[in-house]
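Dumped structure.cif below, it's mmCIF, C-alpha atoms:
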data_my_file
#
loop_
_atom_site.label_atom_id
_atom_site.label_comp_id
_atom_site.auth_asym_id
_atom_site.auth_seq_id
_atom_site.Cartn_x
_atom_site.Cartn_y
_atom_site.Cartn_z
CA MET A 257 61.07 140.17 80.20
CA LEU A 258 64.78 139.42 79.68
CA LYS A 259 65.58 141.02 83.03
CA SER A 260 63.06 138.79 84.80
CA ILE A 261 64.53 135.66 83.19
CA LEU A 262 68.07 136.68 84.10
CA LYS A 263 66.98 137.44 87.67
CA PHE A 264 65.25 134.05 87.91
CA LEU A 265 68.33 132.23 86.58
CA LEU A 266 70.54 134.14 89.01
CA VAL A 267 68.32 133.10 91.94
CA ILE A 268 68.43 129.46 90.77
CA PHE A 269 72.22 129.65 90.47
CA PHE A 270 72.70 130.94 94.02
CA VAL A 271 70.20 128.46 95.48
CA ALA A 272 72.05 125.60 93.74
CA LEU A 273 75.39 126.99 94.91
CA ALA A 274 74.14 127.20 98.49
CA GLY A 275 72.84 123.63 98.24
CA LEU A 276 76.14 122.33 96.95
CA LEU A 277 78.03 124.20 99.66
CA SER A 278 75.74 122.71 102.33
CA ILE A 279 76.30 119.20 100.97
CA TYR A 280 80.05 119.78 100.91
CA LEU A 281 80.14 121.06 104.50
CA TYR A 282 77.85 118.34 105.84
CA TRP A 283 79.11 115.32 103.94
CA PHE A 284 82.69 115.87 102.89
CA ARG A 285 83.84 118.15 105.70
CA SER A 286 81.71 116.35 108.31
CA ILE A 287 81.07 119.60 110.17
CA SER A 288 78.73 119.10 113.10
CA TYR A 289 78.64 119.86 116.80
CA ALA A 290 80.73 117.51 118.92
CA SER A 291 79.78 117.21 122.60
CA GLU A 292 82.78 118.05 124.74
CA LYS A 293 82.08 115.23 127.20
CA VAL A 294 80.09 112.05 126.66
CA ILE A 295 79.61 109.58 129.53
CA THR A 296 78.81 105.99 128.63
CA GLU A 297 78.27 102.81 130.62
CA LYS A 298 81.90 101.76 130.13
CA GLY A 299 83.77 105.05 130.12
CA VAL A 300 84.04 108.74 129.30
CA PHE A 301 84.78 110.47 125.98
CA THR A 302 86.36 113.91 126.10
CA LEU A 303 87.74 116.14 123.36
CA GLY A 304 91.46 116.53 122.76
CA ARG A 305 92.94 119.34 120.68
CA ASP A 306 91.70 119.08 117.08
CA LEU A 307 94.07 117.71 114.48
CA PRO A 308 95.40 120.80 112.64
CA LYS A 309 94.13 119.58 109.25
CA ALA A 310 91.05 117.41 108.73
CA ARG A 311 91.38 114.11 106.83
CA THR A 312 90.38 110.48 106.52
CA GLU A 313 92.21 107.21 105.69
CA ALA A 314 95.43 108.51 107.23
CA GLY A 315 97.91 106.50 109.27
CA GLY A 316 99.19 106.88 112.79
CA ALA A 317 100.40 105.33 116.01
CA ALA A 318 101.16 106.27 119.62
CA ILE A 319 104.67 106.15 121.10
CA GLY A 320 105.01 106.90 124.81
CA THR A 321 103.17 110.14 125.59
CA LYS A 322 102.90 111.16 121.95
CA MET A 323 100.80 110.27 118.93
CA TYR A 324 101.72 110.61 115.26
CA VAL A 325 99.42 111.14 112.26
CA LEU A 326 100.43 111.28 108.60
CA GLY A 327 99.03 111.30 105.08
CA GLY A 328 95.43 110.48 104.22
CA ILE A 329 92.81 112.13 102.02
CA ASP A 330 91.31 115.62 102.20
CA SER A 331 87.78 116.72 101.31
CA PHE A 332 88.65 116.99 97.59
CA ALA A 333 89.98 113.40 97.57
CA GLN A 334 93.52 114.73 97.30
CA THR A 335 96.23 112.62 98.95
CA LEU A 336 98.37 114.25 101.66
CA ASN A 337 101.97 113.93 102.81
CA ASP A 338 101.96 116.10 105.95
CA PHE A 339 102.97 114.74 109.33
CA TYR A 340 101.92 115.74 112.87
CA GLU A 341 102.96 114.94 116.43
CA TYR A 342 100.57 115.21 119.37
CA ASN A 343 101.95 115.72 122.87
CA SER A 344 99.49 114.49 125.49
CA THR A 345 101.27 116.34 128.30
CA ASN A 346 100.19 119.75 126.96
CA ASP A 347 97.41 118.74 124.52
CA GLU A 348 99.26 120.30 121.57
CA TRP A 349 99.88 119.29 117.95
CA VAL A 350 103.01 120.32 116.04
CA GLN A 351 103.73 119.82 112.36
CA LEU A 352 106.89 117.84 111.55
CA ASP A 353 108.80 117.29 108.31
CA ASP A 354 106.57 115.81 105.62
CA ILE A 355 106.70 112.11 104.89
CA PRO A 356 108.79 111.71 101.67
CA HIS A 357 105.77 110.74 99.52
CA TYR A 358 102.04 111.41 99.25
CA VAL A 359 100.15 108.45 100.69
CA ASN A 360 96.71 107.31 101.86
CA HIS A 361 95.76 104.05 103.60
CA PRO A 362 99.36 103.49 104.77
CA GLY A 363 100.40 100.80 107.20
CA VAL A 364 101.78 102.61 110.26
CA VAL A 365 103.21 100.84 113.31
CA THR A 366 105.76 101.30 116.07
CA ASP A 367 108.22 99.07 117.89
CA GLY A 368 108.12 101.46 120.84
CA ARG A 369 111.10 103.48 119.61
CA TYR A 370 110.57 104.23 115.91
CA LEU A 371 107.62 104.82 113.61
CA TYR A 372 107.39 102.60 110.52
CA VAL A 373 105.34 103.42 107.40
CA LEU A 374 104.64 100.65 104.87
CA GLY A 375 102.86 100.60 101.54
CA GLY A 376 99.62 102.52 101.17
CA PHE A 377 98.10 104.01 98.04
CA LYS A 378 99.33 106.70 95.68
CA PRO A 379 97.13 109.74 94.89
CA LEU A 380 93.72 108.44 93.90
CA GLY A 381 92.50 107.86 90.36
CA ILE A 382 88.95 106.95 89.36
CA ARG A 383 87.70 103.40 88.83
CA LEU A 384 83.94 103.07 89.13
CA ARG A 385 82.54 99.82 90.48
CA GLY A 386 79.57 99.26 92.74
CA PHE A 387 79.49 101.93 95.41
CA MET A 388 83.18 102.74 95.11
CA PHE A 389 85.05 105.17 92.88
CA ALA A 390 88.73 105.06 93.81
CA GLU A 391 91.43 103.45 91.72
CA TRP A 392 93.90 101.87 94.11
CA ASN A 393 97.56 102.12 93.06
CA PRO A 394 99.68 100.76 95.92
CA TYR A 395 103.28 101.47 96.93
CA ASP A 396 105.96 99.02 98.00
CA LEU A 397 107.76 101.83 99.88
CA PHE A 398 108.96 101.39 103.46
CA PHE A 399 110.20 104.24 105.69
CA ARG A 400 111.23 104.64 109.30
CA TYR A 401 110.92 107.83 111.34
CA ASP A 402 113.16 108.55 114.32
CA PRO A 403 111.27 110.82 116.78
CA GLU A 404 114.48 111.75 118.62
CA ALA A 405 116.51 112.70 115.54
CA LYS A 406 113.33 113.90 113.76
CA LYS A 407 114.43 112.26 110.50
CA TRP A 408 112.95 109.95 107.86
CA GLU A 409 115.03 106.99 106.67
CA PRO A 410 114.22 104.69 103.69
CA PHE A 411 114.13 100.95 104.41
CA PRO A 412 114.11 97.92 102.05
CA SER A 413 110.98 97.91 99.90
CA MET A 414 108.17 95.49 100.65
CA PRO A 415 108.19 92.20 98.70
CA ALA A 416 105.13 93.48 96.79
CA SER A 417 103.08 96.66 96.57
CA ARG A 418 100.19 96.75 99.03
CA GLY A 419 97.65 99.18 100.41
CA GLY A 420 94.80 98.88 102.89
CA GLY A 421 96.22 95.79 104.63
CA GLY A 422 96.74 95.04 108.31
CA VAL A 423 100.01 95.82 110.08
CA CYS A 424 101.44 95.19 113.55
CA TYR A 425 104.70 94.72 115.44
CA GLY A 426 105.66 91.57 117.30
CA GLN A 427 108.75 89.49 118.14
CA GLY A 428 111.15 91.93 116.52
CA LYS A 429 109.27 91.96 113.22
CA ILE A 430 106.95 94.26 111.31
CA TRP A 431 104.06 92.12 110.03
CA TYR A 432 101.85 93.01 107.04
CA VAL A 433 98.85 91.01 105.84
CA GLY A 434 96.22 91.28 103.08
CA GLY A 435 95.48 94.52 101.23
CA ILE A 436 95.20 95.39 97.54
CA ASP A 437 98.02 94.69 95.10
CA GLU A 438 99.19 96.44 91.91
CA ASN A 439 96.70 94.42 89.83
CA LYS A 440 93.77 95.67 91.96
CA GLU A 441 93.42 92.18 93.40
CA ILE A 442 92.51 91.52 97.04
CA THR A 443 95.24 89.49 98.72
CA ASN A 444 95.77 87.19 101.71
CA ASP A 445 99.60 87.26 101.79
CA LEU A 446 101.53 87.59 105.04
CA PHE A 447 104.94 89.29 105.02
CA ALA A 448 107.30 90.17 107.86
CA TYR A 449 110.35 92.41 108.06
CA ASP A 450 112.98 91.34 110.59
CA ILE A 451 114.29 94.62 111.97
CA GLN A 452 117.60 93.23 113.23
CA ALA A 453 118.35 91.08 110.17
CA GLY A 454 117.05 93.70 107.74
CA VAL A 455 115.22 91.20 105.52
CA TRP A 456 111.66 90.49 104.38
CA THR A 457 110.20 86.95 104.58
CA GLU A 458 106.90 85.58 103.30
CA PHE A 459 104.83 83.37 105.61
CA ALA A 460 101.70 81.24 105.23
CA PRO A 461 98.78 83.29 103.85
CA MET A 462 95.60 83.74 105.83
CA LYS A 463 92.52 81.88 104.58
CA TYR A 464 90.36 84.87 103.63
CA ALA A 465 91.63 87.64 101.34
CA ARG A 466 90.56 91.15 102.35
CA ASP A 467 91.49 94.82 102.51
CA HIS A 468 90.68 97.81 104.74
CA MET A 469 91.33 95.44 107.64
CA ARG A 470 93.29 95.56 110.89
CA MET A 471 95.85 93.32 112.60
CA GLU A 472 97.04 93.18 116.22
CA TYR A 473 99.76 91.15 117.99
CA HIS A 474 99.50 89.53 121.42
CA SER A 475 101.54 86.76 123.11
CA GLY A 476 102.98 85.12 120.02
CA ASN A 477 99.84 85.43 117.89
CA LEU A 478 98.68 87.73 115.10
CA TYR A 479 94.98 88.60 114.88
CA ALA A 480 93.66 89.53 111.40
CA ILE A 481 90.40 91.41 111.92
CA SER A 482 87.40 91.96 109.64
CA GLY A 483 87.91 94.12 106.48
CA ARG A 484 86.17 93.96 103.13
CA LYS A 485 86.50 93.02 99.47
CA ASP A 486 87.18 96.32 97.67
CA ASP A 487 83.60 97.59 98.03
CA LEU A 488 81.48 98.98 100.85
CA ARG A 489 78.85 96.29 100.11
CA PHE A 490 81.21 93.46 100.97
CA ASN A 491 82.33 93.85 104.58
CA LEU A 492 83.63 90.58 106.04
CA ASP A 493 83.25 89.24 109.57
CA TYR A 494 86.36 87.05 109.62
CA LEU A 495 88.76 86.90 112.53
CA GLU A 496 91.84 84.74 111.97
CA LYS A 497 94.67 83.98 114.38
CA TYR A 498 98.22 83.19 113.22
CA ASN A 499 100.45 81.34 115.65
CA ILE A 500 103.98 82.53 114.91
CA GLU A 501 105.62 79.46 116.46
CA THR A 502 103.58 76.83 114.57
CA GLY A 503 103.00 78.89 111.42
CA GLU A 504 99.31 77.98 111.38
CA TRP A 505 96.17 80.05 110.91
CA THR A 506 92.92 79.30 112.75
CA THR A 507 89.49 80.90 112.34
CA LEU A 508 87.98 82.40 115.49
CA ASP A 509 84.67 83.92 116.59
CA PRO A 510 83.50 86.31 113.81
CA ILE A 511 83.16 89.99 114.63
CA PRO A 512 79.47 90.91 115.25
CA THR A 513 79.59 94.02 113.03
CA PRO A 514 81.66 93.39 109.86
CA ARG A 515 83.52 96.56 108.96
CA GLY A 516 86.21 98.10 106.78
CA GLY A 517 88.19 101.29 107.32
CA PHE A 518 88.22 101.11 111.11
CA ALA A 519 90.66 101.46 114.00
CA SER A 520 91.76 98.91 116.57
CA VAL A 521 93.91 98.95 119.69
CA LEU A 522 95.14 96.36 122.16
CA TYR A 523 93.93 97.25 125.64
CA ASP A 524 93.74 95.11 128.82
CA LYS A 525 94.00 91.77 126.95
CA LYS A 526 91.26 92.85 124.59
CA ILE A 527 91.25 94.03 120.99
CA LEU A 528 88.93 97.03 120.77
CA THR A 529 87.54 98.05 117.37
CA PHE A 530 86.29 101.55 116.56
CA GLY A 531 84.27 102.85 113.62
CA GLY A 532 84.27 101.62 110.04
CA GLU A 533 81.75 102.04 107.23
CA ASN A 534 79.31 100.35 104.89
CA VAL A 535 77.37 101.77 101.93
CA TRP A 536 75.03 103.99 103.91
CA THR A 537 76.57 104.74 107.28
CA CYS A 538 79.59 104.80 109.57
CA PHE A 539 79.54 102.53 112.61
CA ASP A 540 79.52 103.73 116.20
CA GLU A 541 79.71 100.24 117.73
CA ILE A 542 82.80 99.54 119.82
CA GLU A 543 83.25 95.78 119.82
CA ALA A 544 85.94 94.04 121.86
CA PHE A 545 87.55 90.66 121.35
CA ASP A 546 88.48 89.04 124.66
CA ILE A 547 91.77 87.30 123.84
CA GLU A 548 91.65 84.89 126.77
CA LYS A 549 88.02 83.81 126.20
CA GLU A 550 88.30 84.15 122.39
CA LYS A 551 84.88 85.80 122.26
CA TRP A 552 83.54 89.12 120.99
CA ILE A 553 81.48 91.40 123.24
CA GLN A 554 79.54 94.57 122.54
CA PHE A 555 81.72 96.92 124.57
CA ASP A 556 80.47 100.48 124.07
CA TYR A 557 79.47 103.11 121.50
CA LEU A 558 81.30 106.05 119.96
CA PRO A 559 79.66 109.47 120.39
CA GLU A 560 79.66 109.61 116.57
CA GLY A 561 80.37 106.94 113.96
CA ARG A 562 83.50 107.44 111.89
CA HIS A 563 85.55 105.63 109.26
CA GLY A 564 89.21 106.05 108.34
CA ILE A 565 89.80 106.69 112.03
CA ILE A 566 93.20 106.36 113.78
CA GLY A 567 93.52 104.84 117.25
CA GLY A 568 96.39 104.87 119.73
CA VAL A 569 96.88 104.15 123.44
CA ILE A 570 98.67 106.73 125.62
CA GLY A 571 98.87 105.70 129.26
CA ASN A 572 95.42 104.35 130.11
CA LYS A 573 93.58 106.44 127.54
CA ILE A 574 92.65 105.69 123.93
CA HIS A 575 93.02 108.53 121.43
CA LEU A 576 90.79 108.41 118.34
CA VAL A 577 91.79 110.93 115.68
CA SER A 578 90.35 112.14 112.34
CA GLY A 579 88.12 110.05 110.05
CA GLY A 580 84.88 110.88 108.24
CA LYS A 581 81.43 110.77 109.81
CA HIS A 582 79.89 109.65 106.50
CA PRO A 583 80.91 106.85 104.11
CA ARG A 584 83.44 107.34 101.29
CA VAL A 585 85.17 110.75 101.04
CA SER A 586 84.28 112.44 104.31
CA ILE A 587 86.79 113.99 106.69
CA SER A 588 87.14 115.49 110.14
CA ASP A 589 89.74 116.91 112.52
CA LEU A 590 88.00 115.32 115.50
CA HIS A 591 90.14 114.05 118.39
CA ARG A 592 88.29 111.99 120.98
CA ILE A 593 89.98 110.71 124.14
CA TYR A 594 88.35 107.60 125.61
CA SER A 595 88.87 106.80 129.29
CA ILE A 596 87.56 103.37 130.24
CA LYS A 597 86.12 103.05 133.74
#
Can the structure in the file be given as structure tokens, please?
Amino acid sequence: MLKSILKFLLVIFFVALAGLLSIYLYWFRSISYASEKVITEKGVFTLGRDLPKARTEAGGAAIGTKMYVLGGIDSFAQTLNDFYEYNSTNDEWVQLDDIPHYVNHPGVVTDGRYLYVLGGFKPLGIRLRGFMFAEWNPYDLFFRYDPEAKKWEPFPSMPASRGGGGVCYGQGKIWYVGGIDENKEITNDLFAYDIQAGVWTEFAPMKYARDHMRMEYHSGNLYAISGRKDDLRFNLDYLEKYNIETGEWTTLDPIPTPRGGFASVLYDKKILTFGGENVWTCFDEIEAFDIEKEKWIQFDYLPEGRHGIIGGVIGNKIHLVSGGKHPRVSISDLHRIYSIK
């Protein structure tokens, strides 16, 4: 009798273990078959070499023929500090010297010569609210990486700690907007670092506070795109434009699919948005904002929805790296290359 009970309990244990392993592989590791080539109405998606280590909510940018990826979160919600360089000429990744601190949701941008890393969150704690669990503890750290010298250099700290905001480069300045502050409050502040002068300045705040957003620069204007309010239930459709010369914000055509945790790139006078998440799913809609017409269009679809994705333009191709295929902590090493017709 005792043997039968023990055998039954052992079977239950292994079935439960197998179930948990399946959930881990499917949800957190986002393991699934990725089609090598996907042809759409607007372009073609092919596979680049996988990122050496899977992650989500990392940071990255493209410089010339190369793309850089750093930090982020692994499948156990542990924050990373590793750093990789992708060379598009031979489709190879190499690991570089680690960024000096562990960081997720960093602001990463380039001026065409250097890579700049601003703010971001420290290793995650737990703070339950709604459909979210992470406790955001932002940095005010600011570093620059020199790809030629292959060295990290500390820069003057940000005026305030921030994570999950929007960042871009324009007119000799690194711009940072929104994000979450040290009090766990959602902000609408706009800061800029003048690279030549070596100083931070605060500018007029945008109208709508948000985090997990994006920002792009084009022809003297900053575009603050979508985002959310600290919870997957509260994605926001706002698009605001800041005119650097006049110092004024204006509200533009709202994005059709509100999203947080997404990627954006500037391509052919359009801002293309990729991925993002809500409570139940990750988005595959690629929506484009036509800067000249100031209108959104449904542009295309990703082969698979992802959030925490990194985008960068190399030549005439858009590289889309990492990110989870399911909401919250879900990761991948996926590297899609999008060629627009």
A straight line from atom CA of A:Ser475 to atom CA of A:Lys429 spans 13.6 Å
**Asked** Given the file above and the PyMOL selection byres ((chain A and resi 573) around 10), which residues are selected, and can you give them as an MDAnalysis selection string?
**Response** chainID A and resid 300:301 523 568:572 574:576 593:596
### Query
Within 10 Å of (83.4, 93.2, 103.5), only C-alpha atoms: residues as a VMD selection string?
chain A and resid 466 to 469 482 to 494 514 to 516 533 to 534
A:Thr312 surroundings by only C-alpha atoms, 8 Å radius, close-in-sequence under 6 positions cut, as a tab-separated table (two decimals) with C-alpha atoms, in the coordinates of the input:
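Output below, filename around-v7.tsv:
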chain	number	residue	atom	x	y	z
A	328	GLY	CA	95.43	110.48	104.22
A	329	ILE	CA	92.81	112.13	102.02
A	330	ASP	CA	91.31	115.62	102.20
A	563	HIS	CA	85.55	105.63	109.26
A	564	GLY	CA	89.21	106.05	108.34
A	565	ILE	CA	89.80	106.69	112.03
A	578	SER	CA	90.35	112.14	112.34
A	579	GLY	CA	88.12	110.05	110.05
A	580	GLY	CA	84.88	110.88	108.24
A	585	VAL	CA	85.17	110.75	101.04
A	586	SER	CA	84.28	112.44	104.31
A	587	ILE	CA	86.79	113.99	106.69
A	588	SER	CA	87.14	115.49	110.14
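Ranking A:Gly422, A:Gly299, A:Gly363, A:Gly386 by their shortest atom-to-atom distance to A:Ala314, with only C-alpha atoms included, puts A:Gly363 first.
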Using only C-alpha atoms, collect all residues at a distance of at most 9 Å from (93.2, 115.4, 120.2) as written in the file, then present them as a compact mmCIF listing (two decimals) with C-alpha atoms, in the coordinates of the input.
# COMPACT_ATOMS: atom_id res chain seq x y z
CA LEU A 303 87.74 116.14 123.36
CA GLY A 304 91.46 116.53 122.76
CA ARG A 305 92.94 119.34 120.68
CA ASP A 306 91.70 119.08 117.08
CA LEU A 307 94.07 117.71 114.48
CA TYR A 342 100.57 115.21 119.37
CA SER A 344 99.49 114.49 125.49
CA ASP A 347 97.41 118.74 124.52
CA GLU A 348 99.26 120.30 121.57
CA TRP A 349 99.88 119.29 117.95
CA HIS A 575 93.02 108.53 121.43
CA LEU A 576 90.79 108.41 118.34
CA VAL A 577 91.79 110.93 115.68
CA SER A 578 90.35 112.14 112.34
CA ASP A 589 89.74 116.91 112.52
CA LEU A 590 88.00 115.32 115.50
CA HIS A 591 90.14 114.05 118.39
CA ARG A 592 88.29 111.99 120.98
CA ILE A 593 89.98 110.71 124.14
In Å and to one decimal, atom CA of A:Asp437 is distant from atom CA of A:Met323 by 28.6 Å
One decimal place gives the atom CA of A:Met388-atom CA of A:Asn337 separation as 23.2 Å
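Of the residues listed (A:Phe518, A:Tyr432, A:Phe555, A:Tyr473), A:Tyr432 shows the shortest atom-to-atom separation from A:Asp396; distances use all atoms listed in the file.
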Name all residues at most 9 Å from A:His474 (count all atoms listed in the file; drop same-chain ones fewer than 2 positions away) and give them as an MDAnalysis selection string. chainID A and resid 426 472 476:479 522 525 547
Resulting file, chosen residues, C-alpha atoms, as a short mmCIF file (atom, residue, chain, number, x, y, z; two decimals), keeping the file's coordinate frame:
data_model
loop_
_atom_site.label_atom_id
_atom_site.label_comp_id
_atom_site.auth_asym_id
_atom_site.auth_seq_id
_atom_site.Cartn_x
_atom_site.Cartn_y
_atom_site.Cartn_z
CA GLY A 426 105.66 91.57 117.30
CA GLU A 472 97.04 93.18 116.22
CA GLY A 476 102.98 85.12 120.02
CA ASN A 477 99.84 85.43 117.89
CA LEU A 478 98.68 87.73 115.10
CA TYR A 479 94.98 88.60 114.88
CA LEU A 522 95.14 96.36 122.16
CA LYS A 525 94.00 91.77 126.95
CA ILE A 547 91.77 87.30 123.84
#
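Closest approach to A:Tyr324 among A:Leu374, A:Leu495, A:Ile566, A:Tyr395: A:Ile566, based on only C-alpha atoms.
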- request: Could you state which residues are captured by the PyMOL selection byres ((chain A and resi 439) around 10) in this file, as a ChimeraX atom specification?
  value: /A:392-394,417,436-438,440-442
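Each of A:Ile295, A:Val433, A:Ile500, A:Ile511 was checked against A:Ile542 using all atoms listed in the file; the smallest atom-to-atom distance is that of A:Ile511.
Using all atoms listed in the file, the nearest neighbour of A:Ala310 within the list A:Pro356, A:Pro379, A:Gly327, A:Gly561 is A:Gly327.
Of the residues under consideration (A:Ser520, A:Thr335, A:Thr502, A:Ser291), A:Ser520 shows the shortest atom-to-atom contact distance to A:Val423 when counting all atoms listed in the file.
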Practice problem: Please identify all polymer residues within 12 Å of A:Leu336, counting only C-alpha atoms, omitting same-chain residues fewer than 4 positions from it, and present them as a PyMOL selection string. | Solution: chain A and resi 309-315+325-332+340+354-362+376-380
Produce the centre coordinates and the three edge lengths, each in Å to one decimal, of the box along x, y and z that contains all listed atoms of stretch 382-386 of chain A with 5 Å added on each side, as JSON.
{"center_x": 84.3, "center_y": 103.1, "center_z": 90.8, "size_x": 19.4, "size_y": 17.7, "size_z": 13.9}
What do you get, as a JSON list (two decimals) with C-alpha atoms, keeping the file's coordinate frame, if you spell out every residue that the PyMOL selection byres ((chain A and resi 503) around 12) selects here?
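So the final result, stored in expr-v2.json, reads:
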[["chain", "number", "residue", "atom", "x", "y", "z"],
["A", 446, "LEU", "CA", 101.53, 87.59, 105.04],
["A", 458, "GLU", "CA", 106.90, 85.58, 103.30],
["A", 459, "PHE", "CA", 104.83, 83.37, 105.61],
["A", 460, "ALA", "CA", 101.70, 81.24, 105.23],
["A", 461, "PRO", "CA", 98.78, 83.29, 103.85],
["A", 462, "MET", "CA", 95.60, 83.74, 105.83],
["A", 476, "GLY", "CA", 102.98, 85.12, 120.02],
["A", 477, "ASN", "CA", 99.84, 85.43, 117.89],
["A", 478, "LEU", "CA", 98.68, 87.73, 115.10],
["A", 497, "LYS", "CA", 94.67, 83.98, 114.38],
["A", 498, "TYR", "CA", 98.22, 83.19, 113.22],
["A", 499, "ASN", "CA", 100.45, 81.34, 115.65],
["A", 500, "ILE", "CA", 103.98, 82.53, 114.91],
["A", 501, "GLU", "CA", 105.62, 79.46, 116.46],
["A", 502, "THR", "CA", 103.58, 76.83, 114.57],
["A", 504, "GLU", "CA", 99.31, 77.98, 111.38],
["A", 505, "TRP", "CA", 96.17, 80.05, 110.91],
["A", 506, "THR", "CA", 92.92, 79.30, 112.75]]
Please extract stretch 521-533 of chain A and write it out with N, CA, C and O atoms, as a tab-separated table (two decimals), in the first residue's frame.
chain	number	residue	atom	x	y	z
A	521	VAL	N	12.25	53.09	-35.10
A	521	VAL	CA	13.39	53.57	-35.89
A	521	VAL	C	12.88	54.66	-36.82
A	521	VAL	O	11.70	54.71	-37.18
A	522	LEU	N	13.80	55.53	-37.23
A	522	LEU	CA	13.50	56.53	-38.24
A	522	LEU	C	13.96	55.98	-39.58
A	522	LEU	O	15.13	55.60	-39.74
A	523	TYR	N	13.03	55.91	-40.54
A	523	TYR	CA	13.35	55.31	-41.83
A	523	TYR	C	12.54	56.01	-42.92
A	523	TYR	O	11.31	56.02	-42.87
A	524	ASP	N	13.21	56.60	-43.90
A	524	ASP	CA	12.56	57.21	-45.06
A	524	ASP	C	11.46	58.20	-44.64
A	524	ASP	O	10.33	58.13	-45.12
A	525	LYS	N	11.82	59.13	-43.75
A	525	LYS	CA	10.91	60.17	-43.27
A	525	LYS	C	9.66	59.60	-42.60
A	525	LYS	O	8.60	60.21	-42.60
A	526	LYS	N	9.83	58.43	-42.04
A	526	LYS	CA	8.76	57.80	-41.27
A	526	LYS	C	9.33	57.27	-39.96
A	526	LYS	O	10.50	56.88	-39.89
A	527	ILE	N	8.50	57.28	-38.92
A	527	ILE	CA	8.86	56.62	-37.67
A	527	ILE	C	8.12	55.29	-37.64
A	527	ILE	O	6.88	55.26	-37.62
A	528	LEU	N	8.88	54.19	-37.70
A	528	LEU	CA	8.29	52.86	-37.68
A	528	LEU	C	8.33	52.31	-36.26
A	528	LEU	O	9.36	52.41	-35.58
A	529	THR	N	7.23	51.73	-35.81
A	529	THR	CA	7.15	51.16	-34.46
A	529	THR	C	6.97	49.64	-34.57
A	529	THR	O	6.21	49.15	-35.41
A	530	PHE	N	7.66	48.92	-33.69
A	530	PHE	CA	7.67	47.46	-33.74
A	530	PHE	C	7.38	46.89	-32.35
A	530	PHE	O	8.04	47.24	-31.37
A	531	GLY	N	6.41	45.98	-32.28
A	531	GLY	CA	6.18	45.22	-31.06
A	531	GLY	C	5.51	46.02	-29.95
A	531	GLY	O	4.80	46.98	-30.17
A	532	GLY	N	5.79	45.60	-28.70
A	532	GLY	CA	5.11	46.14	-27.54
A	532	GLY	C	4.18	45.09	-26.94
A	532	GLY	O	4.00	44.00	-27.48
A	533	GLU	N	3.58	45.43	-25.80
A	533	GLU	CA	2.77	44.44	-25.08
A	533	GLU	C	1.58	45.10	-24.39
A	533	GLU	O	1.56	46.29	-24.11
